[in-house]
file final_20.txt (compact mmCIF, C-alpha atoms and all ligand atoms)
# COMPACT_ATOMS: atom_id res chain seq x y z
CA MET A 1279 -63.63 -7.43 12.90
CA GLN A 1280 -60.51 -9.08 11.51
CA VAL A 1281 -61.29 -8.63 7.84
CA ARG A 1282 -60.33 -5.57 5.87
CA ARG A 1283 -61.06 -4.36 2.39
CA ASP A 1284 -58.76 -5.87 -0.26
CA ASP A 1285 -57.93 -8.88 1.91
CA THR A 1286 -58.12 -12.28 0.31
CA VAL A 1287 -60.37 -14.59 2.29
CA LEU A 1288 -61.22 -18.27 2.29
CA ILE A 1289 -64.93 -19.07 2.45
CA LEU A 1290 -65.69 -21.58 5.21
CA SER A 1291 -69.38 -22.27 4.73
CA GLY A 1292 -72.26 -22.18 2.31
CA ASN A 1293 -72.32 -22.93 -1.40
CA ASP A 1294 -69.02 -21.18 -1.96
CA ARG A 1295 -67.13 -23.12 0.69
CA GLY A 1296 -63.46 -23.51 -0.23
CA LYS A 1297 -63.45 -20.57 -2.63
CA ARG A 1298 -61.08 -17.69 -2.26
CA GLY A 1299 -61.91 -14.13 -3.11
CA ARG A 1300 -61.01 -10.53 -2.59
CA VAL A 1301 -62.95 -8.46 -0.09
CA LEU A 1302 -64.72 -5.66 -1.92
CA LYS A 1303 -66.51 -4.05 0.97
CA VAL A 1304 -66.83 -4.36 4.73
CA PHE A 1305 -69.74 -3.42 6.93
CA PRO A 1306 -68.14 -3.31 10.40
CA GLU A 1307 -71.34 -2.44 12.22
CA LYS A 1308 -73.02 -5.56 10.84
CA ASP A 1309 -69.93 -7.81 10.81
CA ARG A 1310 -70.60 -8.48 7.16
CA ILE A 1311 -68.44 -8.36 4.07
CA ILE A 1312 -68.83 -8.58 0.32
CA VAL A 1313 -66.40 -10.95 -1.38
CA GLU A 1314 -65.74 -10.77 -5.10
CA GLY A 1315 -67.38 -13.66 -6.94
CA VAL A 1316 -68.96 -15.15 -3.83
CA SER A 1317 -72.60 -15.48 -2.81
CA PHE A 1318 -74.23 -14.22 -5.97
CA ILE A 1319 -77.85 -13.28 -5.77
CA LYS A 1320 -80.09 -12.45 -8.67
CA ARG A 1321 -81.86 -9.17 -8.56
CA HIS A 1322 -84.61 -8.11 -10.85
CA THR A 1323 -84.05 -4.51 -11.79
CA ARG A 1324 -85.92 -1.91 -13.71
CA PRO A 1325 -84.25 -0.17 -16.61
CA SER A 1326 -82.19 2.78 -15.42
CA ALA A 1327 -79.61 5.19 -16.74
CA GLN A 1328 -76.80 2.73 -15.97
CA ASN A 1329 -78.65 -0.33 -17.14
CA GLN A 1330 -80.74 0.47 -20.19
CA SER A 1331 -82.55 -2.81 -20.51
CA GLY A 1332 -83.11 -3.72 -16.85
CA GLY A 1333 -83.76 -7.38 -16.23
CA ILE A 1334 -81.86 -9.77 -14.01
CA VAL A 1335 -78.57 -8.63 -12.54
CA GLU A 1336 -76.29 -10.92 -10.57
CA LYS A 1337 -74.66 -9.26 -7.64
CA GLU A 1338 -72.62 -10.36 -4.66
CA ALA A 1339 -74.55 -10.46 -1.40
CA PRO A 1340 -72.96 -9.60 1.94
CA ILE A 1341 -71.88 -12.61 3.99
CA HIS A 1342 -71.10 -12.80 7.68
CA ALA A 1343 -67.46 -12.25 8.57
CA SER A 1344 -67.47 -15.38 10.74
CA ASN A 1345 -67.91 -17.48 7.59
CA VAL A 1346 -64.50 -16.57 6.23
CA MET A 1347 -60.88 -16.85 7.20
CA VAL A 1348 -58.37 -14.20 6.25
CA ILE A 1349 -55.51 -15.38 4.08
CA CYS A 1350 -52.21 -13.93 5.20
CA SER A 1351 -50.52 -12.00 2.43
CA LYS A 1352 -47.10 -12.91 3.83
CA CYS A 1353 -47.32 -16.70 4.18
CA GLY A 1354 -50.38 -17.37 2.01
CA GLU A 1355 -52.10 -19.46 4.68
CA PRO A 1356 -55.67 -19.06 5.91
CA THR A 1357 -55.15 -17.79 9.42
CA ARG A 1358 -56.48 -16.04 12.44
CA VAL A 1359 -55.03 -12.71 13.38
CA LYS A 1360 -53.78 -11.39 16.66
CA ARG A 1361 -53.42 -7.86 17.81
CA ARG A 1362 -49.91 -6.60 17.87
CA GLU A 1363 -48.74 -3.55 19.68
CA LEU A 1364 -46.52 -1.16 17.81
CA LYS A 1365 -44.69 1.78 19.29
CA GLU A 1366 -44.01 4.60 16.95
CA GLU A 1367 -42.73 7.98 17.95
CA GLY A 1368 -43.61 7.23 21.54
CA ARG A 1369 -47.22 6.53 20.64
CA ARG A 1370 -48.75 3.15 21.02
CA HIS A 1371 -51.06 1.69 18.47
CA TYR A 1372 -52.32 -1.69 17.46
CA THR A 1373 -52.12 -3.52 14.23
CA ARG A 1374 -52.82 -7.11 13.30
CA ALA A 1375 -50.45 -9.97 12.76
CA CYS A 1376 -50.80 -13.49 11.39
CA VAL A 1377 -50.89 -16.15 14.12
CA LYS A 1378 -49.05 -18.58 11.83
CA CYS A 1379 -46.04 -16.62 10.63
CA GLY A 1380 -46.23 -13.69 13.05
CA GLU A 1381 -45.91 -11.10 10.31
CA VAL A 1382 -47.94 -7.93 10.20
CA PHE A 1383 -50.06 -7.89 7.09
ZN ZN A 1401 -48.80 -15.48 7.78

call {"tool": "encode", "arguments": {"input": "final_20.txt", "output": "structure tokens", "more": "lines below"}}
Ligand SMILES: [Zn+2]
result
Amino acid sequence: MQVRRDDTVLILSGNDRGKRGRVLKVFPEKDRIIVEGVSFIKRHTRPSAQNQSGGIVEKEAPIHASNVMVICSKCGEPTRVKRRELKEEGRRHYTRACVKCGEVF
């Protein structure tokens, strides 16, 4: 999955199309993410220790990672990412880079 926690993403489909938001949580095994302020669902909850009165709570629902585009923190553009090989101390590892500006972000 291309998306990481704390990325800013552009929403490509659904009611929130065109919105931008910060990724709060990723679920790599499901390819789903939670984006701040996007895809609110209402949940009816019972009173609990955290929420004395209970009632209706609005909460972000997970959305599929294919419905968003990562916004590059270097150039500010919605972009795809490519894998980039880095060599450090003789060891090879991979990171991601923006396809538009080529920067690692
Ligand atoms: Zn970029």

call {"tool": "residues_around", "arguments": {"input": "final_20.txt", "residues": "Arg1374 in chain A", "least_positions_apart": "3", "cutoff": "9 Å", "atoms": "all atoms listed in the file", "output": "ChimeraX atom specification"}}
result
/A:1280,1359-1363,1381-1383

call {"tool": "residues_near_point", "arguments": {"input": "final_20.txt", "point": "(-60.5, -5.6, -2.6)", "cutoff": "7 Å", "atoms": "only C-alpha atoms", "output": "PyMOL selection string"}}
result
chain A and resi 1283-1285+1300-1302

call {"tool": "closest_atom_pairs", "arguments": {"input": "final_20.txt", "of": "chain A", "to": "ligand ZN 1401 (chain A)", "cutoff": "6 Å", "atoms": "all atoms listed in the file", "output": "JSON lines"}}
result
{"residue": "A:Cys1350", "atom": "CA", "partner": "A:ZN1401", "partner_atom": "ZN", "distance": 4.5}
{"residue": "A:Lys1352", "atom": "CA", "partner": "A:ZN1401", "partner_atom": "ZN", "distance": 5.0}
{"residue": "A:Cys1353", "atom": "CA", "partner": "A:ZN1401", "partner_atom": "ZN", "distance": 4.1}
{"residue": "A:Cys1376", "atom": "CA", "partner": "A:ZN1401", "partner_atom": "ZN", "distance": 4.6}
{"residue": "A:Lys1378", "atom": "CA", "partner": "A:ZN1401", "partner_atom": "ZN", "distance": 5.1}
{"residue": "A:Cys1379", "atom": "CA", "partner": "A:ZN1401", "partner_atom": "ZN", "distance": 4.1}
{"residue": "A:Glu1381", "atom": "CA", "partner": "A:ZN1401", "partner_atom": "ZN", "distance": 5.8}

call {"tool": "residues_around", "arguments": {"input": "final_20.txt", "residues": "Arg1282 in chain A", "least_positions_apart": "5", "cutoff": "10 Å", "atoms": "all atoms listed in the file", "output": "ChimeraX atom specification"}}
result
/A:1287,1300-1306,1311,1348

call {"tool": "closest_residue", "arguments": {"input": "final_20.txt", "among": "A:His1342, A:Thr1286, A:Gly1368, A:Ile1334", "to": "Arg1310 in chain A", "atoms": "all atoms listed in the file"}}
result
A:His1342

call {"tool": "residues_around", "arguments": {"input": "final_20.txt", "residues": "His1322 in chain A", "least_positions_apart": "4", "cutoff": "8 Å", "atoms": "only C-alpha atoms", "output": "list in words"}}
result
Gly1332, Gly1333, Ile1334 and Val1335 of chain A

call {"tool": "axis_aligned_box", "arguments": {"input": "final_20.txt", "around": "range 1361-1373 of chain A", "padding_each_side": "3 Å", "output": "JSON"}}
result
{"center_x": -48.1, "center_y": 0.1, "center_z": 17.9, "size_x": 16.7, "size_y": 21.8, "size_z": 13.3}

call {"tool": "atom_distance", "arguments": {"input": "final_20.txt", "atom1": "CA of Ala1375 in chain A", "atom2": "CA of Val1313 in chain A"}}
result
21.3 Å

call {"tool": "residues_around", "arguments": {"input": "final_20.txt", "residues": "Ser1291 in chain A", "least_positions_apart": "3", "cutoff": "12 Å", "atoms": "all atoms listed in the file", "output": "CSV table (one decimal) with C-alpha atoms, in the frame of the given file"}}
result
chain,number,residue,atom,x,y,z
A,1288,LEU,CA,-61.2,-18.3,2.3
A,1294,ASP,CA,-69.0,-21.2,-2.0
A,1295,ARG,CA,-67.1,-23.1,0.7
A,1296,GLY,CA,-63.5,-23.5,-0.2
A,1297,LYS,CA,-63.4,-20.6,-2.6
A,1298,ARG,CA,-61.1,-17.7,-2.3
A,1316,VAL,CA,-69.0,-15.2,-3.8
A,1317,SER,CA,-72.6,-15.5,-2.8
A,1341,ILE,CA,-71.9,-12.6,4.0
A,1342,HIS,CA,-71.1,-12.8,7.7
A,1343,ALA,CA,-67.5,-12.2,8.6
A,1344,SER,CA,-67.5,-15.4,10.7
A,1345,ASN,CA,-67.9,-17.5,7.6
A,1346,VAL,CA,-64.5,-16.6,6.2
A,1347,MET,CA,-60.9,-16.8,7.2

call {"tool": "atom_distance", "arguments": {"input": "final_20.txt", "atom1": "CA of His1371 in chain A", "atom2": "CA of Glu1355 in chain A"}}
result
25.3 Å

call {"tool": "atom_distance", "arguments": {"input": "final_20.txt", "atom1": "CA of Gly1315 in chain A", "atom2": "CA of Asn1329 in chain A"}}
result
20.2 Å

call {"tool": "closest_residue", "arguments": {"input": "final_20.txt", "among": "A:Ile1312, A:Lys1365, A:Gly1354, A:Thr1373", "to": "Lys1337 in chain A", "atoms": "all atoms listed in the file"}}
result
A:Ile1312

call {"tool": "build_atoms", "arguments": {"input": "final_20.txt", "residues": "range 1339-1369 of chain A", "atoms": "N, CA and C atoms", "output": "PDB file, in the frame of the given file"}}
result
ATOM      1  N   ALA A1339     -73.825 -10.814  -2.612  1.00  0.00           N
ATOM      2  CA  ALA A1339     -74.550 -10.460  -1.400  1.00  0.00           C
ATOM      3  C   ALA A1339     -73.571 -10.448  -0.226  1.00  0.00           C
ATOM      4  N   PRO A1340     -73.849  -9.611   0.771  1.00  0.00           N
ATOM      5  CA  PRO A1340     -72.960  -9.600   1.940  1.00  0.00           C
ATOM      6  C   PRO A1340     -73.033 -10.933   2.684  1.00  0.00           C
ATOM      7  N   ILE A1341     -71.899 -11.400   3.167  1.00  0.00           N
ATOM      8  CA  ILE A1341     -71.880 -12.610   3.990  1.00  0.00           C
ATOM      9  C   ILE A1341     -71.290 -12.257   5.353  1.00  0.00           C
ATOM     10  N   HIS A1342     -71.567 -13.103   6.338  1.00  0.00           N
ATOM     11  CA  HIS A1342     -71.100 -12.800   7.680  1.00  0.00           C
ATOM     12  C   HIS A1342     -69.605 -13.055   7.795  1.00  0.00           C
ATOM     13  N   ALA A1343     -68.921 -12.165   8.481  1.00  0.00           N
ATOM     14  CA  ALA A1343     -67.460 -12.250   8.570  1.00  0.00           C
ATOM     15  C   ALA A1343     -66.994 -13.525   9.262  1.00  0.00           C
ATOM     16  N   SER A1344     -67.875 -14.145  10.065  1.00  0.00           N
ATOM     17  CA  SER A1344     -67.470 -15.380  10.740  1.00  0.00           C
ATOM     18  C   SER A1344     -67.424 -16.566   9.783  1.00  0.00           C
ATOM     19  N   ASN A1345     -67.925 -16.385   8.568  1.00  0.00           N
ATOM     20  CA  ASN A1345     -67.910 -17.480   7.590  1.00  0.00           C
ATOM     21  C   ASN A1345     -66.664 -17.485   6.718  1.00  0.00           C
ATOM     22  N   VAL A1346     -65.727 -16.618   7.033  1.00  0.00           N
ATOM     23  CA  VAL A1346     -64.500 -16.570   6.230  1.00  0.00           C
ATOM     24  C   VAL A1346     -63.272 -16.600   7.130  1.00  0.00           C
ATOM     25  N   MET A1347     -62.164 -16.943   6.525  1.00  0.00           N
ATOM     26  CA  MET A1347     -60.880 -16.850   7.200  1.00  0.00           C
ATOM     27  C   MET A1347     -59.980 -15.963   6.349  1.00  0.00           C
ATOM     28  N   VAL A1348     -59.274 -15.081   6.986  1.00  0.00           N
ATOM     29  CA  VAL A1348     -58.370 -14.200   6.250  1.00  0.00           C
ATOM     30  C   VAL A1348     -57.160 -15.000   5.786  1.00  0.00           C
ATOM     31  N   ILE A1349     -56.735 -14.751   4.559  1.00  0.00           N
ATOM     32  CA  ILE A1349     -55.510 -15.380   4.080  1.00  0.00           C
ATOM     33  C   ILE A1349     -54.370 -14.361   4.224  1.00  0.00           C
ATOM     34  N   CYS A1350     -53.355 -14.803   4.925  1.00  0.00           N
ATOM     35  CA  CYS A1350     -52.210 -13.930   5.200  1.00  0.00           C
ATOM     36  C   CYS A1350     -51.472 -13.619   3.908  1.00  0.00           C
ATOM     37  N   SER A1351     -51.207 -12.360   3.670  1.00  0.00           N
ATOM     38  CA  SER A1351     -50.520 -12.000   2.430  1.00  0.00           C
ATOM     39  C   SER A1351     -49.023 -12.298   2.496  1.00  0.00           C
ATOM     40  N   LYS A1352     -48.530 -12.609   3.689  1.00  0.00           N
ATOM     41  CA  LYS A1352     -47.100 -12.910   3.830  1.00  0.00           C
ATOM     42  C   LYS A1352     -46.811 -14.404   3.633  1.00  0.00           C
ATOM     43  N   CYS A1353     -47.611 -15.266   4.288  1.00  0.00           N
ATOM     44  CA  CYS A1353     -47.320 -16.700   4.180  1.00  0.00           C
ATOM     45  C   CYS A1353     -48.331 -17.434   3.293  1.00  0.00           C
ATOM     46  N   GLY A1354     -49.418 -16.765   2.907  1.00  0.00           N
ATOM     47  CA  GLY A1354     -50.380 -17.370   2.010  1.00  0.00           C
ATOM     48  C   GLY A1354     -51.317 -18.375   2.645  1.00  0.00           C
ATOM     49  N   GLU A1355     -51.273 -18.484   3.973  1.00  0.00           N
ATOM     50  CA  GLU A1355     -52.100 -19.460   4.680  1.00  0.00           C
ATOM     51  C   GLU A1355     -53.369 -18.794   5.210  1.00  0.00           C
ATOM     52  N   PRO A1356     -54.492 -19.543   5.198  1.00  0.00           N
ATOM     53  CA  PRO A1356     -55.670 -19.060   5.910  1.00  0.00           C
ATOM     54  C   PRO A1356     -55.335 -19.023   7.396  1.00  0.00           C
ATOM     55  N   THR A1357     -55.653 -17.948   8.055  1.00  0.00           N
ATOM     56  CA  THR A1357     -55.150 -17.790   9.420  1.00  0.00           C
ATOM     57  C   THR A1357     -56.103 -16.968  10.266  1.00  0.00           C
ATOM     58  N   ARG A1358     -55.849 -17.010  11.560  1.00  0.00           N
ATOM     59  CA  ARG A1358     -56.480 -16.040  12.440  1.00  0.00           C
ATOM     60  C   ARG A1358     -55.473 -14.909  12.644  1.00  0.00           C
ATOM     61  N   VAL A1359     -55.949 -13.812  13.134  1.00  0.00           N
ATOM     62  CA  VAL A1359     -55.030 -12.710  13.380  1.00  0.00           C
ATOM     63  C   VAL A1359     -55.003 -12.385  14.863  1.00  0.00           C
ATOM     64  N   LYS A1360     -53.876 -11.854  15.285  1.00  0.00           N
ATOM     65  CA  LYS A1360     -53.780 -11.390  16.660  1.00  0.00           C
ATOM     66  C   LYS A1360     -53.428  -9.914  16.636  1.00  0.00           C
ATOM     67  N   ARG A1361     -53.772  -9.266  17.712  1.00  0.00           N
ATOM     68  CA  ARG A1361     -53.420  -7.860  17.810  1.00  0.00           C
ATOM     69  C   ARG A1361     -51.946  -7.737  18.151  1.00  0.00           C
ATOM     70  N   ARG A1362     -51.301  -6.810  17.548  1.00  0.00           N
ATOM     71  CA  ARG A1362     -49.910  -6.600  17.870  1.00  0.00           C
ATOM     72  C   ARG A1362     -49.686  -5.126  18.170  1.00  0.00           C
ATOM     73  N   GLU A1363     -48.976  -4.924  19.254  1.00  0.00           N
ATOM     74  CA  GLU A1363     -48.740  -3.550  19.680  1.00  0.00           C
ATOM     75  C   GLU A1363     -47.519  -2.997  18.967  1.00  0.00           C
ATOM     76  N   LEU A1364     -47.650  -1.819  18.448  1.00  0.00           N
ATOM     77  CA  LEU A1364     -46.520  -1.160  17.810  1.00  0.00           C
ATOM     78  C   LEU A1364     -46.258   0.147  18.549  1.00  0.00           C
ATOM     79  N   LYS A1365     -45.014   0.476  18.712  1.00  0.00           N
ATOM     80  CA  LYS A1365     -44.690   1.780  19.290  1.00  0.00           C
ATOM     81  C   LYS A1365     -43.998   2.598  18.220  1.00  0.00           C
ATOM     82  N   GLU A1366     -44.611   3.718  17.939  1.00  0.00           N
ATOM     83  CA  GLU A1366     -44.010   4.600  16.950  1.00  0.00           C
ATOM     84  C   GLU A1366     -44.001   6.006  17.495  1.00  0.00           C
ATOM     85  N   GLU A1367     -42.866   6.611  17.467  1.00  0.00           N
ATOM     86  CA  GLU A1367     -42.730   7.980  17.950  1.00  0.00           C
ATOM     87  C   GLU A1367     -43.366   8.137  19.317  1.00  0.00           C
ATOM     88  N   GLY A1368     -43.113   7.148  20.172  1.00  0.00           N
ATOM     89  CA  GLY A1368     -43.610   7.230  21.540  1.00  0.00           C
ATOM     90  C   GLY A1368     -45.091   6.947  21.683  1.00  0.00           C
ATOM     91  N   ARG A1369     -45.786   6.813  20.542  1.00  0.00           N
ATOM     92  CA  ARG A1369     -47.220   6.530  20.640  1.00  0.00           C
ATOM     93  C   ARG A1369     -47.451   5.053  20.412  1.00  0.00           C
TER      94      ARG A1369
END
